[in-house]
Amino acid sequence: AVSEGEIMGYLYSKGIKPDGVQKLSKDMVKMVCREYDVEVIDGEQVRVEDMAKKKEILDEDDLDKLEDRPPVLTIMGHVDHGKTTLLDYIRKTKVAASEAGGITQGIGAYKVQVPIDGKTQTCVFLDTPGHEAFGAMRARGARVTDIAVIVVAADDGIRPQTSEAIAHAKAAGVPIIVAINKIDKDGANPDRVIQELSSIGLMPEDWGGDTPMVKISALKGENVDDLLETIMLIAELQELKANPDRNAKGTVIEAGLDKSKGPVASFIVQNGTLKRGDVIVCGEAFGKVRALFDDKGRQVNEAGPSTPVQVIGLDNVPLAGDEFEAVDSLDVARKQAELRAELMRDERITEKAGDGKVTLSSLA
Ligand code: GDP
Ligand code: MG
């Protein structure tokens with residue numbers, strides 16, 4: 001019930017000059033809705049269907065330019081069940097030794113080459129095992145993982161953090177693959193673990209369910225190849241796509257302040273291609289990309305879909321889970337960052353007030 005002109009006027013008063021055809025960013029939409037006391041239901045906080053999830057990242061104009069992209073994975077599970085051991089094994093054995101350096105640089109994620117049927121396929125592992133990082137990102141509305149690998153120790157079974165991890169993955173609508181780990185150990189009882197999983201609704205395929213379960217030993221590397229193949233199969237079913245030929249957007253997976261480089265952020269590019277020289281807005285931060293580094297610490301000029309990349313050039317340290325986007329100019333970036341900061345400030349005040357009903361005008 002509000003005229004277009006009025007909304008344009010409001011945006012203008014916020015320093016945004018809409019041209020009538022451009023899309024409004026999510027923050028802008030939230031800002032406008034607050035002004036008019038309209039409740040915003042953030043699609044990312046609602047349980048979404050798979051298609052809706054894909055559409056969050058993809059714009060309509062992408063549809064005819066879509067190409068396959070590698071899956072991005074998170075490993076979750078109870079403490080001491082073997083997440084780090086599994087990540088280490090995969091990193092040691094599957095990150096191509098031929099690549100310069102070979103050793104990953106700890107930018108929060110790394111690419112892994114999986115040989116399947118004579119072809120090499122790529123997948124990306126987030127390097128922050130544990131549901132904390134996942135949970136923190138989810139709380140911020142971020143959606144970076146395509147598949148969750150839940151590690152359960154065969155000599156210990158389902159524990160509280162196992163259930164939590166499963167709940168996180170289910171809430172996010174992310175397919176689950178279970179790695180039943182430590183099968184080399186005395187006292188390992190994988191069948192009991194499968195029984196337990198079934199009792200909480202995760203049924204293996206040979207029991208008529210649809211949750212892949214692979215029995216592994218992360219320590220010895222036993223069946224880890226099977227696990228990776230299963231991952232690629234599930235990924236294929238998901239038909240993961242992106243349009244490399246557009247401005248980049250994605251999510252911050254970690255960020256910090258480096259003494260010599262300044263603010264440093266690791267991104268997962270989720271759509272488009274991020275290039276050196278791009279102007280980006282990232283949460284409340286913005287800037288021009290001065291340098292990009294891949295997961296081997298090598299400088300690169302660009303990073304396409306599903307690529308983890310470290311970025312230098314932001315004016316501030318963003319938060320894990322913040323979204324980034326390449327925009328047309330520093331001017332646009334600055335305004336979006338300011339808008340974001342204003343929104344966050346407002347949200348913090350609203351949180352303090354506790355009733356969730358504070359509007360911009362009542363704060364003025
Ligand atoms: P996280 O807390 O889930 O990251 O667990 P870790 O990877 O740190 O593993 C905890 C302990 O279990 C370490 O002592 C590992 O060596 C051991 N461990 C992990 N995977 C296996 C396995 O497949 N077999 C055996 N026997 N021990 C394992
Ligand atoms: Mg660990």
# chains A, B, ... in the order shown; residues from 1 in each chain; ligands from 1
$ residues_around --residues "A:Cys282" --least-positions-apart "2" --cutoff "12 Å" --atoms "only C-alpha atoms" --output "number ranges by chain"
A: 27, 248-253, 255, 263-267, 279-280, 284-289, 311, 313-327, 333-341
$ select_by_dssp --residues "stretch 260-333 of chain A" --states "helix (DSSP H, G or I)" --output "mmCIF file with all heavy atoms, in the first residue's frame"
data_model
loop_
_atom_site.group_PDB
_atom_site.id
_atom_site.type_symbol
_atom_site.label_atom_id
_atom_site.label_comp_id
_atom_site.auth_asym_id
_atom_site.auth_seq_id
_atom_site.Cartn_x
_atom_site.Cartn_y
_atom_site.Cartn_z
ATOM 1 N N LEU A 330 33.136 1.756 -5.761
ATOM 2 C CA LEU A 330 33.433 1.938 -4.340
ATOM 3 C C LEU A 330 32.316 2.708 -3.651
ATOM 4 O O LEU A 330 32.007 2.460 -2.484
ATOM 5 C CB LEU A 330 34.761 2.685 -4.176
ATOM 6 C CG LEU A 330 36.012 1.801 -4.180
ATOM 7 C CD1 LEU A 330 37.267 2.656 -4.231
ATOM 8 C CD2 LEU A 330 36.040 0.881 -2.961
ATOM 9 N N ASP A 331 31.707 3.613 -4.426
ATOM 10 C CA ASP A 331 30.621 4.410 -3.889
ATOM 11 C C ASP A 331 29.444 3.521 -3.468
ATOM 12 O O ASP A 331 28.912 3.642 -2.363
ATOM 13 C CB ASP A 331 30.174 5.396 -4.973
ATOM 14 C CG ASP A 331 29.600 6.649 -4.369
ATOM 15 O OD1 ASP A 331 30.101 7.040 -3.289
ATOM 16 O OD2 ASP A 331 28.649 7.202 -4.953
ATOM 17 N N VAL A 332 29.066 2.618 -4.366
ATOM 18 C CA VAL A 332 27.974 1.679 -4.077
ATOM 19 C C VAL A 332 28.354 0.793 -2.893
ATOM 20 O O VAL A 332 27.557 0.560 -1.978
ATOM 21 C CB VAL A 332 27.677 0.795 -5.318
ATOM 22 C CG1 VAL A 332 26.713 -0.331 -4.968
ATOM 23 C CG2 VAL A 332 27.132 1.640 -6.456
ATOM 24 N N ALA A 333 29.596 0.320 -2.895
ATOM 25 C CA ALA A 333 30.055 -0.572 -1.831
ATOM 26 C C ALA A 333 29.993 0.134 -0.479
ATOM 27 O O ALA A 333 29.514 -0.428 0.506
ATOM 28 C CB ALA A 333 31.478 -1.036 -2.112
#
$ closest_atom_pairs --of "chain A" --to "ligand 1" --cutoff "12 Å" --atoms "only C-alpha atoms and all ligand atoms" --output "tab-separated table"
residue	atom	partner	partner_atom_place_in_ligand_line	distance
A:Ile75	CA	ligand 1	3 (O)	9.0
A:Met76	CA	ligand 1	3 (O)	7.8
A:Gly77	CA	ligand 1	3 (O)	6.3
A:His78	CA	ligand 1	3 (O)	6.0
A:Val79	CA	ligand 1	2 (O)	3.8
A:Asp80	CA	ligand 1	2 (O)	3.3
A:His81	CA	ligand 1	3 (O)	4.1
A:Gly82	CA	ligand 1	7 (O)	3.3
A:Lys83	CA	ligand 1	3 (O)	3.7
A:Thr84	CA	ligand 1	4 (O)	3.7
A:Thr85	CA	ligand 1	7 (O)	3.7
A:Leu86	CA	ligand 1	7 (O)	6.4
A:Leu87	CA	ligand 1	7 (O)	8.0
A:Asp88	CA	ligand 1	7 (O)	8.2
A:Tyr89	CA	ligand 1	20 (N)	9.6
A:Ile90	CA	ligand 1	7 (O)	12.0
A:Asp127	CA	ligand 1	4 (O)	11.0
A:Thr128	CA	ligand 1	4 (O)	9.9
A:Pro129	CA	ligand 1	4 (O)	7.0
A:Gly130	CA	ligand 1	3 (O)	7.7
A:His131	CA	ligand 1	3 (O)	10.8
A:Val149	CA	ligand 1	3 (O)	11.8
A:Ile150	CA	ligand 1	3 (O)	10.0
A:Val151	CA	ligand 1	3 (O)	7.5
A:Val152	CA	ligand 1	3 (O)	8.7
A:Ala153	CA	ligand 1	20 (N)	7.8
A:Ala154	CA	ligand 1	23 (O)	8.9
A:Asp155	CA	ligand 1	26 (N)	9.4
A:Asp156	CA	ligand 1	12 (O)	11.0
A:Arg159	CA	ligand 1	3 (O)	11.8
A:Gln161	CA	ligand 1	3 (O)	10.2
A:Thr162	CA	ligand 1	3 (O)	10.3
A:Ala179	CA	ligand 1	23 (O)	10.1
A:Ile180	CA	ligand 1	23 (O)	8.9
A:Asn181	CA	ligand 1	23 (O)	5.1
A:Lys182	CA	ligand 1	23 (O)	3.4
A:Ile183	CA	ligand 1	23 (O)	6.3
A:Asp184	CA	ligand 1	24 (N)	5.6
A:Lys185	CA	ligand 1	26 (N)	4.8
A:Asp186	CA	ligand 1	26 (N)	8.2
A:Gly187	CA	ligand 1	26 (N)	10.3
A:Ala188	CA	ligand 1	26 (N)	9.2
A:Lys215	CA	ligand 1	23 (O)	9.5
A:Ile216	CA	ligand 1	23 (O)	6.5
A:Ser217	CA	ligand 1	23 (O)	3.4
A:Ala218	CA	ligand 1	23 (O)	3.9
A:Leu219	CA	ligand 1	23 (O)	4.1
A:Lys220	CA	ligand 1	23 (O)	6.2
A:Gly221	CA	ligand 1	23 (O)	7.5
A:Glu222	CA	ligand 1	23 (O)	8.0
A:Asn223	CA	ligand 1	23 (O)	10.2
A:Val224	CA	ligand 1	23 (O)	10.0
$ write_last_selection --atoms "N, CA and C atoms" --output "short mmCIF file (atom, residue, chain, number, x, y, z; two decimals), in the first residue's frame"
data_model
loop_
_atom_site.label_atom_id
_atom_site.label_comp_id
_atom_site.auth_asym_id
_atom_site.auth_seq_id
_atom_site.Cartn_x
_atom_site.Cartn_y
_atom_site.Cartn_z
N ILE A 75 32.54 -31.32 7.71
CA ILE A 75 32.63 -32.52 8.53
C ILE A 75 32.22 -32.16 9.95
N MET A 76 31.24 -32.88 10.46
CA MET A 76 30.76 -32.60 11.82
C MET A 76 30.70 -33.90 12.63
N GLY A 77 30.59 -33.76 13.94
CA GLY A 77 30.47 -34.94 14.77
C GLY A 77 30.95 -34.67 16.18
N HIS A 78 30.80 -35.66 17.05
CA HIS A 78 31.17 -35.50 18.45
C HIS A 78 32.70 -35.37 18.60
N VAL A 79 33.12 -34.68 19.65
CA VAL A 79 34.54 -34.50 19.91
C VAL A 79 35.23 -35.87 20.04
N ASP A 80 36.41 -35.96 19.47
CA ASP A 80 37.24 -37.18 19.52
C ASP A 80 36.73 -38.33 18.63
N HIS A 81 35.72 -38.08 17.83
CA HIS A 81 35.24 -39.15 16.96
C HIS A 81 36.05 -39.27 15.67
N GLY A 82 36.94 -38.27 15.44
CA GLY A 82 37.89 -38.43 14.33
C GLY A 82 37.76 -37.43 13.19
N LYS A 83 37.15 -36.28 13.44
CA LYS A 83 36.97 -35.28 12.37
C LYS A 83 38.32 -34.77 11.86
N THR A 84 39.18 -34.38 12.79
CA THR A 84 40.47 -33.82 12.39
C THR A 84 41.31 -34.89 11.68
N THR A 85 41.27 -36.11 12.22
CA THR A 85 42.04 -37.20 11.62
C THR A 85 41.58 -37.43 10.17
N LEU A 86 40.27 -37.39 9.96
CA LEU A 86 39.74 -37.59 8.61
C LEU A 86 40.15 -36.45 7.67
N LEU A 87 39.98 -35.22 8.14
CA LEU A 87 40.38 -34.07 7.32
C LEU A 87 41.87 -34.14 6.98
N ASP A 88 42.68 -34.50 7.98
CA ASP A 88 44.13 -34.58 7.77
C ASP A 88 44.47 -35.66 6.75
N TYR A 89 43.81 -36.81 6.89
CA TYR A 89 44.09 -37.90 5.95
C TYR A 89 43.75 -37.48 4.52
N ILE A 90 42.58 -36.87 4.38
CA ILE A 90 42.16 -36.44 3.04
C ILE A 90 43.12 -35.39 2.50
N ASP A 127 37.42 -26.30 6.43
CA ASP A 127 38.49 -26.74 7.32
C ASP A 127 38.16 -26.48 8.78
N THR A 128 36.94 -26.16 9.06
CA THR A 128 36.57 -25.85 10.43
C THR A 128 35.65 -26.94 10.93
N PRO A 129 36.22 -28.10 11.27
CA PRO A 129 35.35 -29.18 11.72
C PRO A 129 34.64 -28.73 12.99
N GLY A 130 33.48 -29.30 13.19
CA GLY A 130 32.75 -28.91 14.39
C GLY A 130 31.57 -28.08 14.02
N HIS A 131 30.52 -28.30 14.76
CA HIS A 131 29.27 -27.64 14.45
C HIS A 131 29.28 -26.21 14.90
N VAL A 149 29.07 -34.24 6.25
CA VAL A 149 29.59 -35.56 6.60
C VAL A 149 29.59 -35.65 8.12
N ILE A 150 28.80 -36.57 8.65
CA ILE A 150 28.73 -36.74 10.10
C ILE A 150 29.61 -37.92 10.49
N VAL A 151 30.61 -37.64 11.32
CA VAL A 151 31.52 -38.70 11.76
C VAL A 151 31.03 -39.26 13.10
N VAL A 152 30.87 -40.58 13.14
CA VAL A 152 30.47 -41.24 14.40
C VAL A 152 31.48 -42.36 14.68
N ALA A 153 32.07 -42.35 15.87
CA ALA A 153 33.03 -43.39 16.21
C ALA A 153 32.29 -44.69 16.49
N ALA A 154 32.77 -45.75 15.85
CA ALA A 154 32.09 -47.05 15.94
C ALA A 154 32.21 -47.67 17.34
N ASP A 155 33.16 -47.16 18.14
CA ASP A 155 33.29 -47.71 19.50
C ASP A 155 32.58 -46.82 20.53
N ASP A 156 31.89 -45.81 20.06
CA ASP A 156 31.27 -44.88 21.00
C ASP A 156 29.80 -44.60 20.67
N ARG A 159 26.52 -39.54 20.22
CA ARG A 159 26.71 -38.73 21.44
C ARG A 159 26.03 -37.39 21.23
N GLN A 161 26.88 -34.30 20.67
CA GLN A 161 27.25 -33.45 19.53
C GLN A 161 26.93 -34.11 18.19
N THR A 162 26.82 -35.45 18.22
CA THR A 162 26.40 -36.13 16.99
C THR A 162 24.97 -35.71 16.66
N ALA A 179 29.90 -41.11 8.19
CA ALA A 179 31.14 -41.86 8.18
C ALA A 179 31.25 -42.55 9.53
N ILE A 180 31.09 -43.87 9.53
CA ILE A 180 31.24 -44.62 10.78
C ILE A 180 32.72 -44.92 10.91
N ASN A 181 33.35 -44.25 11.86
CA ASN A 181 34.82 -44.21 11.93
C ASN A 181 35.37 -45.17 12.99
N LYS A 182 36.66 -45.36 12.94
CA LYS A 182 37.41 -46.18 13.91
C LYS A 182 37.03 -47.66 13.83
N ILE A 183 36.70 -48.14 12.62
CA ILE A 183 36.31 -49.54 12.51
C ILE A 183 37.50 -50.48 12.76
N ASP A 184 38.72 -49.88 12.78
CA ASP A 184 39.91 -50.71 13.05
C ASP A 184 40.05 -51.03 14.54
N LYS A 185 39.29 -50.34 15.37
CA LYS A 185 39.50 -50.45 16.82
C LYS A 185 38.85 -51.69 17.43
N ASP A 186 39.48 -52.23 18.44
CA ASP A 186 38.83 -53.27 19.24
C ASP A 186 37.59 -52.63 19.87
N GLY A 187 36.53 -53.35 19.87
CA GLY A 187 35.32 -52.80 20.49
C GLY A 187 34.48 -51.97 19.52
N ALA A 188 34.97 -51.86 18.27
CA ALA A 188 34.17 -51.14 17.28
C ALA A 188 32.94 -51.96 16.93
N LYS A 215 31.66 -47.21 6.31
CA LYS A 215 32.48 -47.60 7.46
C LYS A 215 33.93 -47.33 7.13
N ILE A 216 34.59 -46.50 7.93
CA ILE A 216 35.97 -46.11 7.60
C ILE A 216 36.90 -46.21 8.82
N SER A 217 38.17 -46.16 8.51
CA SER A 217 39.15 -45.86 9.54
C SER A 217 39.93 -44.64 9.06
N ALA A 218 39.66 -43.51 9.67
CA ALA A 218 40.34 -42.28 9.26
C ALA A 218 41.83 -42.39 9.56
N LEU A 219 42.15 -43.11 10.63
CA LEU A 219 43.55 -43.26 11.04
C LEU A 219 44.33 -44.04 9.99
N LYS A 220 43.75 -45.14 9.52
CA LYS A 220 44.46 -45.99 8.57
C LYS A 220 44.12 -45.65 7.12
N GLY A 221 43.11 -44.83 6.93
CA GLY A 221 42.71 -44.47 5.57
C GLY A 221 41.80 -45.49 4.92
N GLU A 222 41.40 -46.49 5.70
CA GLU A 222 40.57 -47.54 5.13
C GLU A 222 39.21 -47.00 4.68
N ASN A 223 38.84 -47.30 3.45
CA ASN A 223 37.53 -46.92 2.88
C ASN A 223 37.30 -45.42 2.72
N VAL A 224 38.34 -44.62 2.92
CA VAL A 224 38.15 -43.17 2.75
C VAL A 224 37.84 -42.86 1.28
#
$ closest_residue --among "A:Val32, A:Ile200, A:Val178, A:Val300" --to "A:Val2" --atoms "only C-alpha atoms"
A:Val32
$ residues_around --residues "stretch 203-206 of chain A" --least-positions-apart "6" --cutoff "12 Å" --atoms "only C-alpha atoms" --output "PyMOL selection string"
chain A and resi 176-180+191+193-197+212-215
$ residues_around --residues "A:Thr74" --least-positions-apart "5" --cutoff "7 Å" --atoms "only C-alpha atoms" --output "JSON, numbers by chain"
{"A": [125, 126, 129, 145, 147, 148, 149]}
$ closest_residue --among "A:Gly262, A:Glu239, A:Val174, A:Asp328" --to "A:Gly277" --atoms "only C-alpha atoms"
A:Asp328
$ closest_residue --among "A:Thr122, A:Ser198, A:Asn271, A:Ser260" --to "A:Val72" --atoms "only C-alpha atoms"
A:Thr122
